[in-house]
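Novice: Just so it is clear, I am handing over model_37.txt, which has compact mmCIF, C-alpha atoms.
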# COMPACT_ATOMS: atom_id res chain seq x y z
CA MET A 1 0.00 0.00 0.00
CA HIS A 2 1.25 3.48 -0.84
CA GLU A 3 1.54 5.80 2.14
CA CYS A 4 -0.47 8.94 1.46
CA ASN A 5 -1.19 11.92 3.68
CA CYS A 6 -3.08 13.72 0.94
CA GLY A 7 -5.14 16.64 2.13
CA LYS A 8 -4.10 16.21 5.79
CA ASN A 9 -2.56 19.04 7.76
CA GLN A 10 -3.00 21.32 4.76
CA THR A 11 -1.43 24.70 5.49
CA THR A 12 -1.05 26.20 2.01
CA ASP A 13 -3.15 29.31 1.40
CA VAL A 14 -5.15 28.35 -1.68
CA LEU A 15 -5.45 32.00 -2.74
CA ILE A 16 -1.70 32.43 -3.12
CA PRO A 17 -0.35 31.19 -6.48
CA MET A 18 2.67 28.92 -6.38
CA THR A 19 5.26 29.03 -9.11
CA GLY A 20 5.64 25.63 -10.68
CA ARG A 21 7.82 24.39 -13.50
CA ILE A 22 6.55 22.42 -16.48
CA THR A 23 8.80 19.37 -16.75
CA GLN A 24 6.97 17.42 -19.46
CA VAL A 25 4.29 18.03 -22.11
CA ARG A 26 2.56 15.07 -23.77
CA GLN A 27 0.34 15.40 -26.83
CA GLU A 28 -2.60 13.13 -25.98
CA THR A 29 -4.95 13.96 -28.87
CA PRO A 30 -5.03 16.68 -31.55
CA ASP A 31 -6.49 19.13 -29.02
CA VAL A 32 -5.48 17.73 -25.60
CA LYS A 33 -2.09 17.98 -23.92
CA THR A 34 -1.01 16.69 -20.52
CA PHE A 35 1.29 18.99 -18.55
CA ARG A 36 3.53 17.62 -15.81
CA VAL A 37 4.27 20.30 -13.21
CA GLU A 38 6.75 20.26 -10.33
CA ALA A 39 7.64 22.65 -7.53
CA PRO A 40 10.89 24.60 -8.15
CA GLN A 41 12.70 22.39 -5.65
CA GLY A 42 11.12 19.26 -7.12
CA GLY A 43 8.10 17.25 -6.04
CA GLU A 44 4.41 18.11 -6.04
CA LEU A 45 3.19 21.65 -5.45
CA PHE A 46 0.72 20.73 -2.68
CA ASP A 47 -1.25 17.81 -1.28
CA HIS A 48 -4.53 16.91 -2.96
CA MET A 49 -7.10 14.14 -3.10
CA PRO A 50 -8.65 12.42 -6.16
CA GLY A 51 -11.21 14.67 -7.80
CA GLN A 52 -9.87 17.99 -6.54
CA CYS A 53 -8.96 20.86 -8.87
CA ALA A 54 -6.40 23.64 -9.17
CA MET A 55 -6.38 27.12 -10.66
CA ILE A 56 -3.78 27.58 -13.41
CA CYS A 57 -2.80 31.12 -14.32
CA VAL A 58 -0.91 32.66 -17.21
CA PRO A 59 -0.25 36.30 -16.24
CA GLY A 60 -1.59 38.75 -18.79
CA VAL A 61 -3.89 36.14 -20.33
CA SER A 62 -6.30 34.53 -17.85
CA GLU A 63 -6.70 31.78 -15.29
CA GLY A 64 -8.91 28.72 -15.19
CA MET A 65 -9.89 25.76 -13.07
CA PHE A 66 -8.64 22.32 -14.12
CA SER A 67 -8.81 18.84 -12.65
CA ILE A 68 -5.64 17.42 -11.18
CA THR A 69 -5.28 14.23 -13.20
CA SER A 70 -2.34 12.62 -11.39
CA SER A 71 -2.88 10.46 -8.32
CA PRO A 72 -2.07 11.95 -4.90
CA THR A 73 -0.02 8.81 -4.28
CA ASN A 74 2.50 10.28 -6.73
CA ARG A 75 4.58 12.76 -4.72
CA GLU A 76 6.99 13.67 -7.52
CA TYR A 77 4.72 15.91 -9.63
CA GLN A 78 1.16 16.82 -10.56
CA GLU A 79 -0.40 16.53 -13.99
CA PHE A 80 -3.18 18.39 -15.81
CA SER A 81 -4.80 17.20 -19.06
CA ILE A 82 -6.04 20.31 -20.84
CA LYS A 83 -8.21 20.60 -23.94
CA LYS A 84 -7.53 23.57 -26.23
CA CYS A 85 -10.76 25.55 -26.39
CA GLY A 86 -10.03 29.24 -25.71
CA SER A 87 -7.41 31.95 -25.22
CA LEU A 88 -6.04 30.56 -21.95
CA THR A 89 -5.82 26.97 -23.14
CA GLU A 90 -4.33 28.07 -26.47
CA ARG A 91 -1.59 29.87 -24.56
CA LEU A 92 -1.06 26.85 -22.32
CA HIS A 93 -0.74 24.62 -25.38
CA SER A 94 2.07 26.85 -26.62
CA MET A 95 4.11 26.29 -23.44
CA GLU A 96 6.98 23.82 -23.25
CA ALA A 97 9.01 21.87 -20.72
CA GLY A 98 11.07 24.28 -18.64
CA ASP A 99 8.48 27.09 -18.68
CA PRO A 100 7.25 28.48 -15.34
CA ILE A 101 3.55 28.35 -14.54
CA LEU A 102 1.39 29.68 -11.69
CA VAL A 103 -0.84 27.21 -9.85
CA ARG A 104 -2.97 27.51 -6.72
CA GLY A 105 -5.07 24.97 -4.92
CA PRO A 106 -6.35 22.46 -4.20
CA TYR A 107 -10.02 23.34 -4.52
CA GLY A 108 -13.24 21.48 -3.85
CA ASN A 109 -14.05 18.16 -2.26
CA HIS A 110 -12.98 14.77 -3.58
CA PHE A 111 -14.26 11.30 -4.39
CA PRO A 112 -14.71 9.39 -1.09
CA VAL A 113 -11.87 6.92 -1.70
CA GLU A 114 -11.16 6.62 2.02
CA GLY A 115 -14.83 6.41 2.98
CA GLU A 116 -17.85 5.13 1.06
CA LEU A 117 -15.82 3.72 -1.85
CA LYS A 118 -13.33 1.77 0.23
CA GLY A 119 -13.80 -1.99 -0.08
CA LYS A 120 -16.26 -1.61 -2.97
CA ASN A 121 -16.24 -2.90 -6.53
CA LEU A 122 -15.85 0.17 -8.74
CA LEU A 123 -17.15 1.08 -12.19
CA PHE A 124 -15.58 4.10 -13.89
CA ILE A 125 -17.50 5.59 -16.85
CA ALA A 126 -15.86 8.37 -18.84
CA GLY A 127 -16.34 10.19 -22.12
CA GLY A 128 -13.72 12.28 -23.93
CA ILE A 129 -11.77 14.66 -21.69
CA GLY A 130 -14.03 13.43 -18.85
CA LEU A 131 -11.40 10.80 -18.20
CA ALA A 132 -9.15 13.52 -16.74
CA PRO A 133 -10.69 13.80 -13.24
CA LEU A 134 -11.32 10.04 -13.05
CA ARG A 135 -7.71 9.20 -13.93
CA SER A 136 -6.60 10.49 -10.53
CA VAL A 137 -9.09 8.18 -8.80
CA ILE A 138 -8.24 5.17 -10.96
CA ASN A 139 -4.51 5.42 -10.29
CA TYR A 140 -5.14 6.04 -6.59
CA VAL A 141 -7.17 2.82 -6.47
CA LEU A 142 -4.52 0.87 -8.40
CA ASP A 143 -1.83 2.14 -6.00
CA ASN A 144 -3.94 0.96 -3.05
CA ARG A 145 -5.28 -2.15 -4.77
CA GLU A 146 -5.87 -4.17 -1.60
CA ASN A 147 -8.46 -1.64 -0.39
CA TYR A 148 -10.88 -2.11 -3.31
CA GLY A 149 -12.69 -4.89 -5.15
CA ARG A 150 -13.04 -5.39 -8.89
CA VAL A 151 -12.43 -2.42 -11.14
CA ASP A 152 -14.18 -1.89 -14.47
CA ILE A 153 -13.34 1.09 -16.70
CA LEU A 154 -15.61 2.06 -19.58
CA TYR A 155 -14.18 4.87 -21.68
CA GLY A 156 -15.37 6.28 -24.99
CA SER A 157 -14.65 9.17 -27.30
CA ARG A 158 -15.59 10.51 -30.73
CA SER A 159 -12.73 8.69 -32.45
CA ALA A 160 -9.66 6.64 -31.62
CA ASP A 161 -7.60 9.80 -32.07
CA ASP A 162 -9.56 11.47 -29.26
CA LEU A 163 -8.90 8.81 -26.59
CA VAL A 164 -6.85 10.45 -23.83
CA GLN A 165 -4.08 8.61 -21.93
CA LEU A 166 -4.27 5.69 -24.37
CA LYS A 167 -0.67 4.61 -23.69
CA GLU A 168 -1.28 4.40 -19.93
CA ILE A 169 -4.60 2.63 -20.48
CA ARG A 170 -2.98 -0.08 -22.59
CA GLU A 171 0.30 -0.47 -20.72
CA VAL A 172 -0.86 -0.02 -17.11
CA TRP A 173 -4.62 -0.27 -16.59
CA MET A 174 -5.23 -3.19 -18.95
CA LYS A 175 -2.43 -5.17 -17.28
CA ALA A 176 -3.45 -4.49 -13.68
CA PRO A 177 -4.98 -7.40 -11.69
CA ASP A 178 -8.78 -7.59 -11.48
CA VAL A 179 -9.18 -4.63 -13.82
CA ASN A 180 -11.27 -4.75 -17.00
CA VAL A 181 -11.08 -1.93 -19.54
CA TYR A 182 -13.74 -1.36 -22.21
CA LEU A 183 -13.00 1.16 -24.97
CA THR A 184 -15.42 2.46 -27.56
CA ILE A 185 -15.59 5.18 -30.22
CA ASP A 186 -18.70 6.84 -31.61
CA GLN A 187 -18.30 5.85 -35.28
CA GLU A 188 -16.38 3.28 -37.27
CA GLN A 189 -12.83 4.28 -38.13
CA GLU A 190 -10.21 2.68 -40.31
CA GLY A 191 -7.69 0.78 -38.21
CA TRP A 192 -9.96 0.58 -35.13
CA GLU A 193 -10.79 -3.00 -34.19
CA GLY A 194 -12.49 -2.27 -30.90
CA HIS A 195 -16.11 -1.56 -30.02
CA VAL A 196 -18.06 1.10 -31.90
CA GLY A 197 -20.98 2.89 -30.26
CA PHE A 198 -21.92 5.50 -27.69
CA VAL A 199 -20.96 5.04 -24.05
CA PRO A 200 -24.51 4.75 -22.59
CA ALA A 201 -25.48 2.05 -25.12
CA TYR A 202 -22.23 0.13 -24.55
CA LEU A 203 -22.84 0.36 -20.81
CA GLN A 204 -26.17 -1.41 -21.18
CA GLU A 205 -24.71 -3.87 -23.68
CA ILE A 206 -22.08 -5.00 -21.18
CA GLY A 207 -24.73 -5.21 -18.49
CA PHE A 208 -22.85 -4.46 -15.28
CA GLY A 209 -24.66 -5.54 -12.14
CA PRO A 210 -25.40 -3.03 -9.38
CA ASP A 211 -22.95 -4.72 -6.99
CA ARG A 212 -20.57 -1.79 -7.27
CA SER A 213 -20.25 1.98 -7.03
CA ALA A 214 -20.12 3.97 -10.27
CA LEU A 215 -18.05 7.10 -10.93
CA VAL A 216 -19.10 9.08 -14.01
CA CYS A 217 -17.60 12.02 -15.89
CA GLY A 218 -18.03 13.30 -19.43
CA PRO A 219 -20.10 15.68 -21.55
CA PRO A 220 -23.42 16.64 -19.89
CA VAL A 221 -25.51 14.80 -22.50
CA MET A 222 -23.47 11.63 -21.94
CA ILE A 223 -23.89 11.88 -18.18
CA LYS A 224 -27.65 12.33 -18.62
CA PHE A 225 -28.03 9.12 -20.63
CA VAL A 226 -25.52 7.20 -18.50
CA LEU A 227 -27.51 7.99 -15.36
CA ALA A 228 -30.70 6.86 -17.06
CA ALA A 229 -29.00 3.61 -18.12
CA LEU A 230 -27.62 2.99 -14.62
CA SER A 231 -31.11 3.47 -13.20
CA GLU A 232 -32.51 0.88 -15.61
CA MET A 233 -29.69 -1.47 -14.61
CA GLY A 234 -30.70 -1.32 -10.95
CA PHE A 235 -28.20 1.18 -9.56
CA SER A 236 -29.48 3.33 -6.71
CA ARG A 237 -28.85 7.07 -6.47
CA GLU A 238 -26.54 6.44 -3.51
CA GLN A 239 -24.20 4.28 -5.62
CA VAL A 240 -23.30 6.83 -8.29
CA TYR A 241 -20.89 9.78 -8.13
CA THR A 242 -20.04 12.46 -10.68
CA THR A 243 -18.14 15.73 -10.80
CA LEU A 244 -19.28 19.17 -11.94
CA GLU A 245 -15.84 20.81 -11.97
CA LEU A 246 -16.58 22.59 -15.25
CA ARG A 247 -18.95 24.85 -13.29
CA MET A 248 -16.18 26.05 -10.93
CA LYS A 249 -14.84 29.58 -11.40
CA CYS A 250 -13.24 31.36 -8.42
CA GLY A 251 -13.02 28.19 -6.33
CA VAL A 252 -13.81 29.85 -3.00
CA GLY A 253 -17.53 30.69 -3.21
CA LYS A 254 -17.13 34.43 -3.80
CA CYS A 255 -18.09 35.02 -7.45
CA GLY A 256 -21.36 33.07 -7.32
CA ARG A 257 -21.01 31.78 -10.88
CA CYS A 258 -21.15 28.14 -9.78
CA ASN A 259 -24.22 28.62 -7.60
CA ILE A 260 -26.97 26.05 -8.25
CA GLY A 261 -29.93 26.40 -5.93
CA SER A 262 -28.61 26.08 -2.38
CA LYS A 263 -25.23 24.70 -3.50
CA TYR A 264 -21.95 26.20 -4.60
CA VAL A 265 -20.07 23.72 -6.76
CA CYS A 266 -16.71 25.01 -5.51
CA LYS A 267 -17.66 24.77 -1.83
CA ASP A 268 -20.04 21.79 -1.80
CA GLY A 269 -18.49 19.93 -4.76
CA PRO A 270 -17.34 19.47 -7.44
CA VAL A 271 -17.95 15.81 -6.53
CA PHE A 272 -21.61 15.01 -5.89
CA ARG A 273 -23.54 11.82 -5.36
CA TRP A 274 -26.45 11.27 -7.73
CA ASP A 275 -29.09 11.75 -5.04
CA GLU A 276 -27.50 15.12 -4.18
CA ILE A 277 -27.64 16.22 -7.81
CA GLU A 278 -31.32 15.32 -8.06
CA GLU A 279 -32.05 17.85 -5.32
CA LEU A 280 -30.61 20.66 -7.48
CA PRO A 281 -32.63 22.83 -9.89
CA ASP A 282 -32.76 21.76 -13.53
CA GLU A 283 -30.21 24.34 -14.70
CA TYR A 284 -27.25 22.26 -13.56
For the file at hand, write its structure as structure tokens.
Specialist:
Amino acid sequence: MHECNCGKNQTTDVLIPMTGRITQVRQETPDVKTFRVEAPQGGELFDHMPGQCAMICVPGVSEGMFSITSSPTNREYQEFSIKKCGSLTERLHSMEAGDPILVRGPYGNHFPVEGELKGKNLLFIAGGIGLAPLRSVINYVLDNRENYGRVDILYGSRSADDLVQLKEIREVWMKAPDVNVYLTIDQEQEGWEGHVGFVPAYLQEIGFGPDRSALVCGPPVMIKFVLAALSEMGFSREQVYTTLELRMKCGVGKCGRCNIGSKYVCKDGPVFRWDEIEELPDEY
């Protein structure tokens, strides 16, 4: 078992940016890069737990909230998988190993890996860049394998070229004990010999039993149909978790932009159980 004191005795002021150093940039897909960031003296910038986020800032451009995709059991660095979709992310995609970068965090709650999920069989369901926040949980579970039951990972994207972390999936996750990985793409593609079809339909096709907890992340429309499929398959609202980190802005409950009914995603989330989400107004 990996010793981890993630999130304990946290003293870092999350409002003060820390200067990190990009030590590696990996091109995952045509529009997604993974950035490995270390503290100037080496090691991770701060403690975190699976599912938490950090604010990344490029002075003179903007700042934005991103999931921490590396596991907290890794004390050497932190990673962020970032999709190019605006001025900030375009600037980030132009950065290279050796460049400095400002990061502050961690923000939000986390998946209950030390509580409700411990000892359970786990089903991870991700679509596209939605794998990013779940990757931290998956690797945390694999690093503490004796604390969890069977692990099933269902991951889909528009095309084979859009599958994030494919090298790690094939070389690490698929070879881990008691782990089953199911990959799918939306439409047939030359050279792809795997499953073709949307994630919710593939989920029902496989037919997982409700003897496990499910962790879901992906585009809102995918999550909507995945939740409907899980309900038909016998999963209760208390067995399913998702994350709404895309709604987070300031991270500390001051700007109000992530307010949904009585909840602030940054203060009460971004990780929510399904029954908690159902209590929120429809605009989420």
Novice: Counting only C-alpha atoms, which residue out of A:Ile22, A:Val271, A:Leu122, A:Cys85 sits closest to Gly98 in chain A?
Specialist: A:Ile22
Novice: Considering all atoms listed in the file, state which residue in the set A:Ser94, A:Ser71, A:Ser231, A:Ser157 is at the smallest distance from Asp143 in chain A.
Specialist: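 Ranked by minimum distance to Asp143 in chain A, first place goes to A:Ser71.
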Novice: Quick one, how far is CA of Val141 in chain A from CA of Asn74 in chain A?
Specialist: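 Pair CA of Val141 in chain A / CA of Asn74 in chain A returns 12.2 Å.
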Novice: Applying 6 Å and only C-alpha atoms, which residues near range 123-130 of chain A remain after dropping the ones on its own chain fewer than 4 positions away? List them as a ChimeraX atom specification.
Specialist: /A:151-157,214-218
Novice: What is the CA of Leu88 in chain A to CA of Arg158 in chain A distance in Å?
Specialist: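 Rounded to one decimal, the two atoms are 23.9 Å apart.
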Novice: Would you work out the distance separating CA of Pro59 in chain A from CA of Glu96 in chain A, expressed in Å to one decimal?
Specialist: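 CA of Glu96 in chain A lies 16.0 Å from CA of Pro59 in chain A.
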